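Colleague: Structure file coords.txt, compact mmCIF, C-alpha atoms and all ligand atoms, is pasted below:
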```
# COMPACT_ATOMS: atom_id res chain seq x y z
CA MET D 6 243.69 -177.04 -7.69
CA ALA D 7 242.62 -179.87 -5.46
CA LEU D 8 240.78 -182.98 -6.59
CA MET D 9 237.68 -183.92 -4.65
CA ALA D 10 235.18 -186.64 -5.62
CA GLY D 11 236.35 -186.39 -9.20
CA LEU D 12 235.71 -182.64 -9.34
CA ARG D 13 238.39 -180.04 -9.92
CA VAL D 14 237.91 -177.58 -7.09
CA PRO D 15 240.27 -174.64 -6.44
CA ALA D 16 242.16 -175.25 -3.21
CA ARG D 17 241.30 -171.77 -1.92
CA ALA D 18 237.62 -172.52 -2.49
CA LEU D 19 237.93 -175.59 -0.31
CA LEU D 20 239.69 -173.59 2.37
CA ARG D 21 237.02 -170.89 2.15
CA SER D 22 234.22 -173.39 2.48
CA GLY D 23 235.45 -173.61 6.05
CA CYS D 24 234.64 -177.32 6.28
CA TRP D 25 238.20 -178.32 7.03
CA LEU D 26 239.37 -175.49 9.18
CA ARG D 27 236.38 -174.68 11.25
CA GLY D 28 234.96 -177.98 12.43
CA ALA D 29 235.67 -177.29 16.07
CA ALA D 30 234.62 -173.66 15.84
CA LEU D 31 231.38 -174.73 14.15
CA ALA D 32 230.58 -177.19 16.92
CA GLY D 33 231.13 -174.35 19.42
CA ALA D 34 228.95 -171.98 17.44
CA GLU D 35 226.22 -174.60 17.22
CA ALA D 36 226.34 -175.08 20.96
CA ALA D 37 226.17 -171.30 21.41
CA ALA D 38 223.27 -171.13 18.98
CA GLY D 39 221.52 -173.91 20.87
CA LEU D 40 221.76 -176.43 18.04
CA GLY D 41 221.45 -179.73 19.86
CA ALA D 42 222.45 -183.12 18.51
CA GLY D 43 218.83 -183.93 17.58
CA VAL D 44 218.30 -180.79 15.49
CA ARG D 45 218.86 -181.43 11.81
CA ARG D 46 220.24 -178.95 9.34
CA PHE D 47 218.46 -178.64 6.05
CA GLY D 48 218.81 -176.53 2.94
CA SER D 49 220.33 -177.14 -0.43
CA GLN D 50 223.67 -177.32 -2.18
CA ARG D 51 224.41 -173.60 -1.84
CA VAL D 52 222.27 -172.61 1.14
CA LEU D 53 222.73 -174.26 4.51
CA VAL D 54 219.95 -173.81 7.06
CA GLU D 55 220.72 -174.45 10.70
CA PRO D 56 217.43 -174.41 12.59
CA ASP D 57 216.99 -173.74 16.28
CA PRO D 58 213.30 -174.54 16.68
CA ALA D 59 213.33 -173.89 20.43
CA ALA D 60 214.45 -170.30 19.81
CA GLY D 61 212.34 -169.96 16.66
CA VAL D 62 215.46 -168.92 14.76
CA ALA D 63 217.26 -170.36 11.73
CA VAL D 64 220.79 -169.46 10.70
CA VAL D 65 220.90 -169.32 6.90
CA LYS D 66 224.41 -169.71 5.50
CA LEU D 67 225.45 -168.94 1.95
CA LYS D 68 227.93 -171.56 0.79
CA SER D 69 228.66 -171.08 -2.86
CA PRO D 70 232.47 -171.01 -3.20
CA PRO D 71 234.60 -169.23 -4.01
CA VAL D 72 232.83 -165.94 -3.17
CA ASN D 73 229.05 -166.52 -2.82
CA SER D 74 228.43 -164.58 -6.01
CA LEU D 75 224.70 -164.51 -6.66
CA SER D 76 224.36 -167.02 -9.47
CA LEU D 77 220.92 -167.97 -10.76
CA GLU D 78 221.23 -171.20 -8.78
CA LEU D 79 222.12 -169.44 -5.53
CA LEU D 80 219.30 -166.91 -5.98
CA THR D 81 216.81 -169.71 -6.61
CA GLU D 82 217.96 -171.83 -3.68
CA LEU D 83 217.90 -168.85 -1.34
CA VAL D 84 214.36 -167.91 -2.38
CA ILE D 85 213.22 -171.49 -1.78
CA SER D 86 214.81 -171.62 1.69
CA LEU D 87 213.37 -168.25 2.67
CA GLU D 88 209.92 -169.21 1.42
CA LYS D 89 210.09 -172.43 3.43
CA LEU D 90 211.10 -170.58 6.60
CA ASP D 91 208.53 -167.82 6.03
CA ASN D 92 205.76 -170.42 5.79
CA ASP D 93 206.88 -172.45 8.81
CA LYS D 94 205.29 -171.15 12.01
CA THR D 95 208.20 -172.63 14.01
CA PHE D 96 210.40 -169.77 12.89
CA ARG D 97 210.21 -166.10 13.84
CA GLY D 98 213.66 -164.98 12.73
CA ILE D 99 216.62 -165.72 10.49
CA VAL D 100 220.28 -164.83 10.71
CA LEU D 101 221.75 -164.50 7.22
CA THR D 102 225.47 -165.16 7.04
CA SER D 103 228.22 -166.77 4.97
CA ASP D 104 229.71 -170.21 5.37
CA LEU D 105 232.87 -169.01 3.58
CA CYS D 106 235.83 -167.34 5.21
CA GLY D 107 236.34 -163.67 4.39
CA VAL D 108 233.46 -163.15 1.95
CA PHE D 109 229.80 -162.59 2.75
CA SER D 110 228.77 -162.24 -0.90
CA ALA D 111 230.56 -160.82 -3.96
CA GLY D 112 227.23 -159.54 -5.26
CA LEU D 113 225.76 -160.45 -8.61
CA ASP D 114 227.52 -163.25 -10.41
CA LEU D 115 229.14 -161.35 -13.26
CA THR D 116 229.30 -164.47 -15.40
CA GLU D 117 225.47 -164.31 -15.46
CA LEU D 118 225.68 -160.82 -16.95
CA CYS D 119 228.28 -161.44 -19.65
CA GLY D 120 227.83 -163.00 -23.07
CA ARG D 121 224.40 -164.50 -22.36
CA SER D 122 221.11 -164.19 -24.22
CA PRO D 123 218.43 -161.56 -23.50
CA ALA D 124 216.20 -164.41 -22.29
CA HIS D 125 218.85 -165.43 -19.78
CA TYR D 126 219.31 -161.85 -18.53
CA ALA D 127 215.55 -161.58 -18.07
CA GLU D 128 215.34 -164.87 -16.15
CA TYR D 129 218.26 -163.84 -13.97
CA TRP D 130 216.83 -160.41 -13.18
CA ARG D 131 213.42 -161.86 -12.30
CA ALA D 132 215.13 -164.20 -9.83
CA LEU D 133 217.00 -161.28 -8.25
CA GLN D 134 213.78 -159.26 -7.96
CA GLU D 135 212.07 -162.26 -6.38
CA LEU D 136 214.78 -162.66 -3.77
CA TRP D 137 214.81 -158.99 -2.91
CA LEU D 138 211.03 -158.73 -2.53
CA ARG D 139 210.89 -161.87 -0.41
CA LEU D 140 213.71 -160.85 1.91
CA TYR D 141 212.77 -157.17 2.14
CA LEU D 142 209.13 -157.90 3.01
CA SER D 143 209.65 -161.08 5.03
CA GLY D 144 207.53 -161.34 8.18
CA LEU D 145 210.52 -162.95 9.86
CA VAL D 146 213.03 -160.83 11.72
CA SER D 147 216.14 -160.85 9.55
CA VAL D 148 219.58 -160.10 10.95
CA ALA D 149 222.60 -160.05 8.63
CA ALA D 150 225.74 -161.41 10.27
CA VAL D 151 228.18 -159.93 7.78
CA ASN D 152 231.35 -161.96 8.22
CA GLY D 153 233.14 -160.89 5.06
CA ALA D 154 233.29 -158.52 2.11
CA SER D 155 229.87 -157.48 0.86
CA PRO D 156 230.00 -155.34 -2.28
CA ALA D 157 227.07 -154.29 -4.49
CA GLY D 158 224.46 -157.07 -4.57
CA GLY D 159 225.97 -158.44 -1.34
CA CYS D 160 225.30 -155.07 0.25
CA LEU D 161 221.73 -155.16 -1.12
CA LEU D 162 221.15 -158.48 0.67
CA CYS D 163 222.34 -156.93 3.94
CA LEU D 164 220.24 -153.79 3.45
CA SER D 165 217.17 -155.96 2.94
CA CYS D 166 217.55 -157.37 6.45
CA ASP D 167 216.21 -155.63 9.55
CA TYR D 168 219.57 -155.36 11.33
CA ARG D 169 223.22 -155.65 10.31
CA VAL D 170 226.27 -156.77 12.31
CA LEU D 171 229.61 -156.41 10.51
CA ALA D 172 232.94 -158.06 11.33
CA ASP D 173 235.68 -155.63 12.28
CA SER D 174 238.27 -156.60 9.69
CA PRO D 175 239.84 -154.50 6.91
CA SER D 176 238.67 -157.05 4.31
CA CYS D 177 235.04 -156.68 5.42
CA VAL D 178 234.16 -153.81 3.12
CA ILE D 179 230.54 -153.14 2.26
CA GLY D 180 228.85 -150.75 -0.15
CA PRO D 181 227.41 -150.08 -3.60
CA ASN D 182 230.46 -150.22 -5.88
CA GLU D 183 228.49 -150.63 -9.15
CA THR D 184 229.63 -147.39 -10.79
CA ARG D 185 233.24 -148.53 -10.47
CA LEU D 186 232.34 -151.37 -12.80
CA GLY D 187 230.68 -148.93 -15.20
CA ILE D 188 227.19 -150.16 -14.31
CA VAL D 189 224.26 -148.65 -12.46
CA ALA D 190 222.53 -149.98 -9.34
CA PRO D 191 218.82 -150.61 -9.91
CA PHE D 192 216.41 -148.02 -8.47
CA TRP D 193 215.25 -150.41 -5.76
CA PHE D 194 218.83 -150.82 -4.52
CA LYS D 195 219.09 -147.02 -4.52
CA ASP D 196 215.83 -146.83 -2.53
CA CYS D 197 217.19 -149.30 0.05
CA MET D 198 220.34 -147.21 0.42
CA VAL D 199 218.35 -143.99 0.83
CA ASN D 200 216.05 -145.64 3.41
CA THR D 201 219.05 -146.81 5.39
CA VAL D 202 221.62 -143.99 5.27
CA GLY D 203 219.60 -141.01 4.03
CA HIS D 204 219.57 -139.26 0.66
CA ARG D 205 222.87 -137.37 0.79
CA ALA D 206 225.01 -140.26 2.03
CA ALA D 207 223.32 -142.63 -0.44
CA GLU D 208 223.87 -140.22 -3.32
CA GLN D 209 227.56 -139.92 -2.57
CA ALA D 210 228.10 -143.63 -1.99
CA LEU D 211 226.18 -144.65 -5.11
CA GLN D 212 227.88 -142.14 -7.40
CA LEU D 213 231.36 -142.79 -6.05
CA GLY D 214 230.85 -146.55 -5.78
CA THR D 215 232.07 -146.45 -2.21
CA LEU D 216 233.11 -149.62 -0.41
CA PHE D 217 233.07 -148.70 3.27
CA PRO D 218 235.50 -150.23 5.75
CA PRO D 219 233.74 -151.30 9.01
CA ALA D 220 234.21 -148.09 11.04
CA GLU D 221 232.96 -145.94 8.15
CA ALA D 222 230.04 -148.28 7.47
CA LEU D 223 229.01 -147.89 11.11
CA ARG D 224 229.46 -144.11 11.06
CA VAL D 225 227.29 -143.66 7.97
CA GLY D 226 224.62 -146.06 9.32
CA LEU D 227 225.05 -148.74 6.69
CA VAL D 228 225.49 -151.30 9.50
CA ASP D 229 224.20 -151.25 13.07
CA GLN D 230 227.11 -152.84 14.94
CA VAL D 231 230.75 -153.63 14.25
CA VAL D 232 232.25 -156.40 16.39
CA PRO D 233 235.32 -158.66 16.36
CA GLU D 234 235.11 -161.33 13.67
CA ASP D 235 234.57 -164.21 16.10
CA GLN D 236 231.60 -162.45 17.73
CA VAL D 237 229.55 -161.68 14.62
CA GLN D 238 227.14 -164.60 14.89
CA SER D 239 226.68 -164.42 18.66
CA THR D 240 226.07 -160.66 18.42
CA ALA D 241 223.55 -161.25 15.63
CA LEU D 242 221.74 -163.80 17.81
CA ALA D 243 221.73 -161.37 20.75
CA ALA D 244 220.25 -158.69 18.49
CA MET D 245 217.70 -161.23 17.30
CA ALA D 246 216.59 -161.85 20.90
CA ARG D 247 215.88 -158.11 21.30
CA TRP D 248 213.79 -158.07 18.11
CA LEU D 249 211.94 -161.25 19.09
CA ALA D 250 210.93 -159.68 22.40
CA ILE D 251 208.44 -157.60 20.38
CA PRO D 252 205.09 -159.22 19.53
CA ASP D 253 205.21 -160.43 15.92
CA HIS D 254 201.94 -158.93 14.72
CA ALA D 255 202.84 -155.40 15.83
CA ARG D 256 206.37 -155.62 14.50
CA GLN D 257 205.28 -157.14 11.18
CA LEU D 258 202.61 -154.50 10.56
CA THR D 259 205.13 -151.79 11.37
CA LYS D 260 207.72 -153.35 9.05
CA SER D 261 205.18 -153.53 6.28
CA MET D 262 204.16 -149.91 6.85
CA MET D 263 207.81 -148.85 6.59
CA ARG D 264 208.80 -151.04 3.63
CA LYS D 265 205.77 -151.68 1.44
CA PRO D 266 205.85 -148.34 -0.41
CA THR D 267 209.48 -149.04 -1.43
CA ALA D 268 208.75 -152.64 -2.44
CA ASP D 269 205.61 -151.59 -4.34
CA ARG D 270 207.64 -149.32 -6.59
CA LEU D 271 209.24 -152.47 -7.96
CA ALA D 272 206.32 -154.88 -7.50
CA LYS D 273 204.07 -152.71 -9.67
CA HIS D 274 206.62 -152.36 -12.48
CA ARG D 275 208.55 -155.61 -12.38
CA GLU D 276 208.40 -156.39 -16.08
CA ALA D 277 209.42 -152.85 -17.08
CA ASP D 278 212.38 -153.16 -14.70
CA VAL D 279 213.34 -156.48 -16.32
CA GLN D 280 213.22 -154.95 -19.79
CA SER D 281 215.22 -151.94 -18.64
CA PHE D 282 217.90 -154.24 -17.20
CA VAL D 283 218.01 -156.45 -20.30
CA SER D 284 218.47 -153.53 -22.67
CA PHE D 285 221.08 -151.94 -20.35
CA VAL D 286 223.17 -155.05 -19.85
CA SER D 287 222.98 -156.00 -23.53
CA ARG D 288 224.69 -152.80 -24.64
CA ASP D 289 228.11 -153.40 -26.21
CA SER D 290 229.72 -150.81 -23.95
CA ILE D 291 228.32 -152.50 -20.80
CA GLN D 292 229.36 -155.95 -21.99
CA LYS D 293 232.86 -154.65 -22.63
CA ALA D 294 233.08 -153.01 -19.20
CA LEU D 295 231.89 -156.14 -17.40
CA GLN D 296 234.22 -158.38 -19.39
CA THR D 297 237.20 -156.15 -18.60
CA TYR D 298 236.30 -156.11 -14.89
CA LEU D 299 235.91 -159.90 -14.77
CA GLU D 300 239.27 -160.38 -16.49
CA LYS D 301 240.93 -158.07 -13.96
CA LEU D 302 239.40 -160.08 -11.11
CA LYS D 303 240.68 -163.32 -12.61
CA GLN D 304 244.17 -161.92 -13.22
CA LYS D 305 244.30 -160.74 -9.61
CA GLY D 306 243.38 -164.26 -8.44
C1 LIG D 401 220.30 -146.07 -17.06
C2 LIG D 401 220.11 -147.29 -16.23
C3 LIG D 401 219.08 -148.14 -16.80
C4 LIG D 401 218.75 -149.28 -16.33
C5 LIG D 401 219.38 -149.92 -15.15
C6 LIG D 401 218.65 -151.14 -14.87
C7 LIG D 401 219.15 -152.07 -14.15
C8 LIG D 401 220.50 -151.97 -13.52
C9 LIG D 401 221.58 -152.54 -14.37
C10 LIG D 401 222.59 -153.21 -13.91
C11 LIG D 401 222.73 -153.44 -12.46
C12 LIG D 401 223.73 -154.45 -12.18
C13 LIG D 401 223.93 -154.55 -10.71
C14 LIG D 401 225.00 -155.15 -10.24
C15 LIG D 401 225.25 -155.31 -8.80
C16 LIG D 401 226.41 -156.23 -8.53
O1 LIG D 401 226.38 -156.94 -7.57
S1 LIG D 401 227.71 -156.27 -9.63
C17 LIG D 401 228.94 -157.29 -8.84
C18 LIG D 401 229.85 -156.40 -8.04
N1 LIG D 401 230.78 -157.23 -7.30
C19 LIG D 401 232.06 -156.91 -7.19
O2 LIG D 401 232.54 -155.93 -7.71
C20 LIG D 401 232.89 -157.87 -6.38
C21 LIG D 401 234.01 -158.41 -7.17
N2 LIG D 401 234.80 -159.34 -6.36
C22 LIG D 401 235.70 -158.91 -5.45
O3 LIG D 401 235.90 -157.74 -5.21
C23 LIG D 401 236.45 -159.98 -4.73
O4 LIG D 401 236.29 -161.18 -5.44
C24 LIG D 401 236.00 -160.18 -3.27
C25 LIG D 401 236.40 -158.98 -2.41
C26 LIG D 401 234.49 -160.44 -3.16
C27 LIG D 401 236.74 -161.43 -2.71
O5 LIG D 401 238.12 -161.24 -2.94
P1 LIG D 401 239.09 -162.50 -2.91
O6 LIG D 401 238.79 -163.27 -1.70
O7 LIG D 401 240.47 -161.99 -3.10
O8 LIG D 401 238.62 -163.38 -4.16
P2 LIG D 401 239.03 -163.18 -5.69
O9 LIG D 401 238.89 -161.77 -6.09
O10 LIG D 401 240.35 -163.83 -5.90
O11 LIG D 401 237.87 -163.99 -6.45
C28 LIG D 401 237.86 -165.42 -6.45
C29 LIG D 401 237.19 -165.88 -7.72
O12 LIG D 401 235.85 -165.41 -7.72
C30 LIG D 401 235.60 -164.68 -8.94
N3 LIG D 401 234.64 -163.61 -8.63
C31 LIG D 401 234.75 -162.66 -7.71
N4 LIG D 401 233.67 -161.86 -7.69
C32 LIG D 401 232.84 -162.34 -8.65
C33 LIG D 401 231.54 -161.93 -9.09
N5 LIG D 401 230.87 -160.91 -8.57
N6 LIG D 401 230.99 -162.65 -10.08
C34 LIG D 401 231.62 -163.71 -10.64
N7 LIG D 401 232.86 -164.13 -10.24
C35 LIG D 401 233.45 -163.46 -9.25
C36 LIG D 401 236.96 -164.16 -9.33
O13 LIG D 401 236.99 -163.85 -10.68
C37 LIG D 401 237.84 -165.32 -8.97
O14 LIG D 401 237.68 -166.28 -10.01
P3 LIG D 401 238.86 -167.30 -10.39
O15 LIG D 401 238.98 -168.22 -9.21
O16 LIG D 401 240.09 -166.48 -10.63
O17 LIG D 401 238.36 -167.98 -11.62
```
In structure tokens, how does this file's structure come out?
Modeller:
Amino acid sequence: MALMAGLRVPARALLRSGCWLRGAALAGAEAAAGLGAGVRRFGSQRVLVEPDPAAGVAVVKLKSPPVNSLSLELLTELVISLEKLDNDKTFRGIVLTSDLCGVFSAGLDLTELCGRSPAHYAEYWRALQELWLRLYLSGLVSVAAVNGASPAGGCLLCLSCDYRVLADSPSCVIGPNETRLGIVAPFWFKDCMVNTVGHRAAEQALQLGTLFPPAEALRVGLVDQVVPEDQVQSTALAAMARWLAIPDHARQLTKSMMRKPTADRLAKHREADVQSFVSFVSRDSIQKALQTYLEKLKQKG
């Protein structure tokens, strides 16, 4: 453990936050992204937004060490940032990525799903639904620059974007591993998988809880490009330029036509979905399975 500003912070979390190791690389990336000295970052504690107003693009970085698990706080901060960008006419696209080394997002924060009250589970699930609906239906072009492992809910975030670029590293696995934890992906995650990789591939991956290494993720169509780790963000920005070459109104109407039926399945039954989640996660057998999985993760660490 390292001590910083009176807080006990795991040393590996500090290393992952990238602040110490990647200062020079960050400056280079900012230059490549066109972030001039006068352009100010904004965001919140767990979500860093690097705007490039000239390009109409903002890079949105998850920075919730150690693994960007989707805590209630991270979900809330991400929704607020996305809403702000969606409502700001300066921006036409976002690149969603991680500020941590080696992990894009570990998916749902399992500590939010264990030993809490039904009211807490309901609040948490509503926040997750909110994030998914906002990202999935955003009028902005969204490109996921997946620079680390992206299991389960992390994969859902990527699938909600318009385009996915994955780092070519053995640790950068992506997929719906829920069944391996003894839990079930929500139907809207299943729908996203089916829309992206087709019914048969989704069925296999969801049942088997497959975490795909980069080459397999590309083969099955879960991601659109696999590139060396140090080219993920620049490739995402190049992809963004291709998407931004299309007039917004035509692209947005087309996106809505493609995605609204899927989103509506949840939007029209949000409260029933919340209740279904609360009763599922409150079961003793599910609590036991999640607890055991969390303990295994901690022992491994
Ligand atoms: C019939 C059906 C009816 C109704 C259904 C209705 C609704 C559906 C119901 C339920 C759906 C629930 C959906 C869930 C989706 C999810 O996202 S579940 C989460 C799945 N995530 C994972 O399995 C990832 C687990 N983590 C990892 O594999 C690794 O941590 C990772 C590869 C991301 C990084 O590895 P590494 O760099 O080695 O880090 P560590 O493993 O050492 O981890 C560091 C610390 O972080 C803690 N941690 C890791 N992941 C999580 C997490 N997801 N939540 C909370 N905490 C996490 C880990 O314990 C370490 O903690 P420590 O430092 O030791 O205290």
Colleague: For a quick check of your reading of the model, name the residues lying within 12 Å of the coordinate (214.6, -170.2, 1.5), counting all atoms listed in the file, and write them as a ChimeraX atom specification.
Modeller: /D:47-49,51-55,63-67,79-93,99,101,135-136,139-140,143,145
Colleague: Compare D:Gln134, D:Thr240, D:Gln304, D:Ser174 by their minimum atom-to-atom distance to ligand LIG 401 (chain D), counting all atoms listed in the file, and give me the closest one.
Modeller: D:Gln304
Colleague: Could the residues that lie within 7 Å of ligand LIG 401 (chain D), counting all atoms listed in the file, be listed as an NGL selection string?
Modeller: :D and (71-72 or 74 or 107-108 or 110-116 or 154-159 or 182-183 or 186 or 188-191 or 278 or 281-282 or 285-286 or 299 or 302-306)
Colleague: Applying 12 Å and all atoms listed in the file, which residues near stretch 288-290 of chain D remain after dropping the ones on its own chain fewer than 3 positions away? List them as a PyMOL selection string.
Modeller: chain D and resi 118-123+186-188+281-285+293-297
Colleague: Mind working out the centre and edge lengths of an axis-aligned box for stretch 240-245 of chain D, all listed atoms inside, 5 Å added to each side, rounded to one decimal in Å and written as JSON?
Modeller:
```
{"center_x": 221.9, "center_y": -161.2, "center_z": 18.2, "size_x": 18.4, "size_y": 15.1, "size_z": 15.1}
```
Colleague: Of the candidates D:Met245, D:Ala250, D:Met263, D:Leu211, which one gets nearest to D:Val146 if we count only C-alpha atoms?
Modeller: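 Among the listed residues, D:Met245 lies closest to D:Val146.
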Colleague: Which polymer residues, protein or nucleic acid, are no farther than 9 Å from (229.8, -165.7, 14.8), counting only C-alpha atoms, as a ChimeraX atom specification?
Modeller: /D:34,102,150,152,172,234-242
Colleague: Interatomic distance between atom CA of D:Ile179 and atom CA of D:Gly226?
Modeller: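 Distance reported for this atom pair: 11.6 Å.
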Colleague: How many Å lie between atom CA of D:Tyr298 and atom CA of D:Cys163, rounded to one decimal?
Modeller: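 Result for atom CA of D:Tyr298 versus atom CA of D:Cys163: 23.5 Å, one decimal.
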Colleague: What is the atom CA of D:Asp167 to atom CA of D:Gly144 distance in Å?
Modeller: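 Atom CA of D:Gly144 lies at a distance of 10.5 Å from atom CA of D:Asp167.
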Colleague: What lies within 12 Å of D:Asp253 using only C-alpha atoms, ignoring chain neighbours under 5 positions off, as a PyMOL selection string?
Modeller: chain D and resi 61+94+96-98+143-146+248+258-261
Colleague: How would the residues just chosen look if you wrote them out with C-alpha atoms as a tab-separated table (two decimals), keeping the file's coordinate frame?
Modeller:
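And here is the file that came out, part.tsv:
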```tsv
chain	number	residue	atom	x	y	z
D	61	GLY	CA	212.34	-169.96	16.66
D	94	LYS	CA	205.29	-171.15	12.01
D	96	PHE	CA	210.40	-169.77	12.89
D	97	ARG	CA	210.21	-166.10	13.84
D	98	GLY	CA	213.66	-164.98	12.73
D	143	SER	CA	209.65	-161.08	5.03
D	144	GLY	CA	207.53	-161.34	8.18
D	145	LEU	CA	210.52	-162.95	9.86
D	146	VAL	CA	213.03	-160.83	11.72
D	248	TRP	CA	213.79	-158.07	18.11
D	258	LEU	CA	202.61	-154.50	10.56
D	259	THR	CA	205.13	-151.79	11.37
D	260	LYS	CA	207.72	-153.35	9.05
D	261	SER	CA	205.18	-153.53	6.28
```
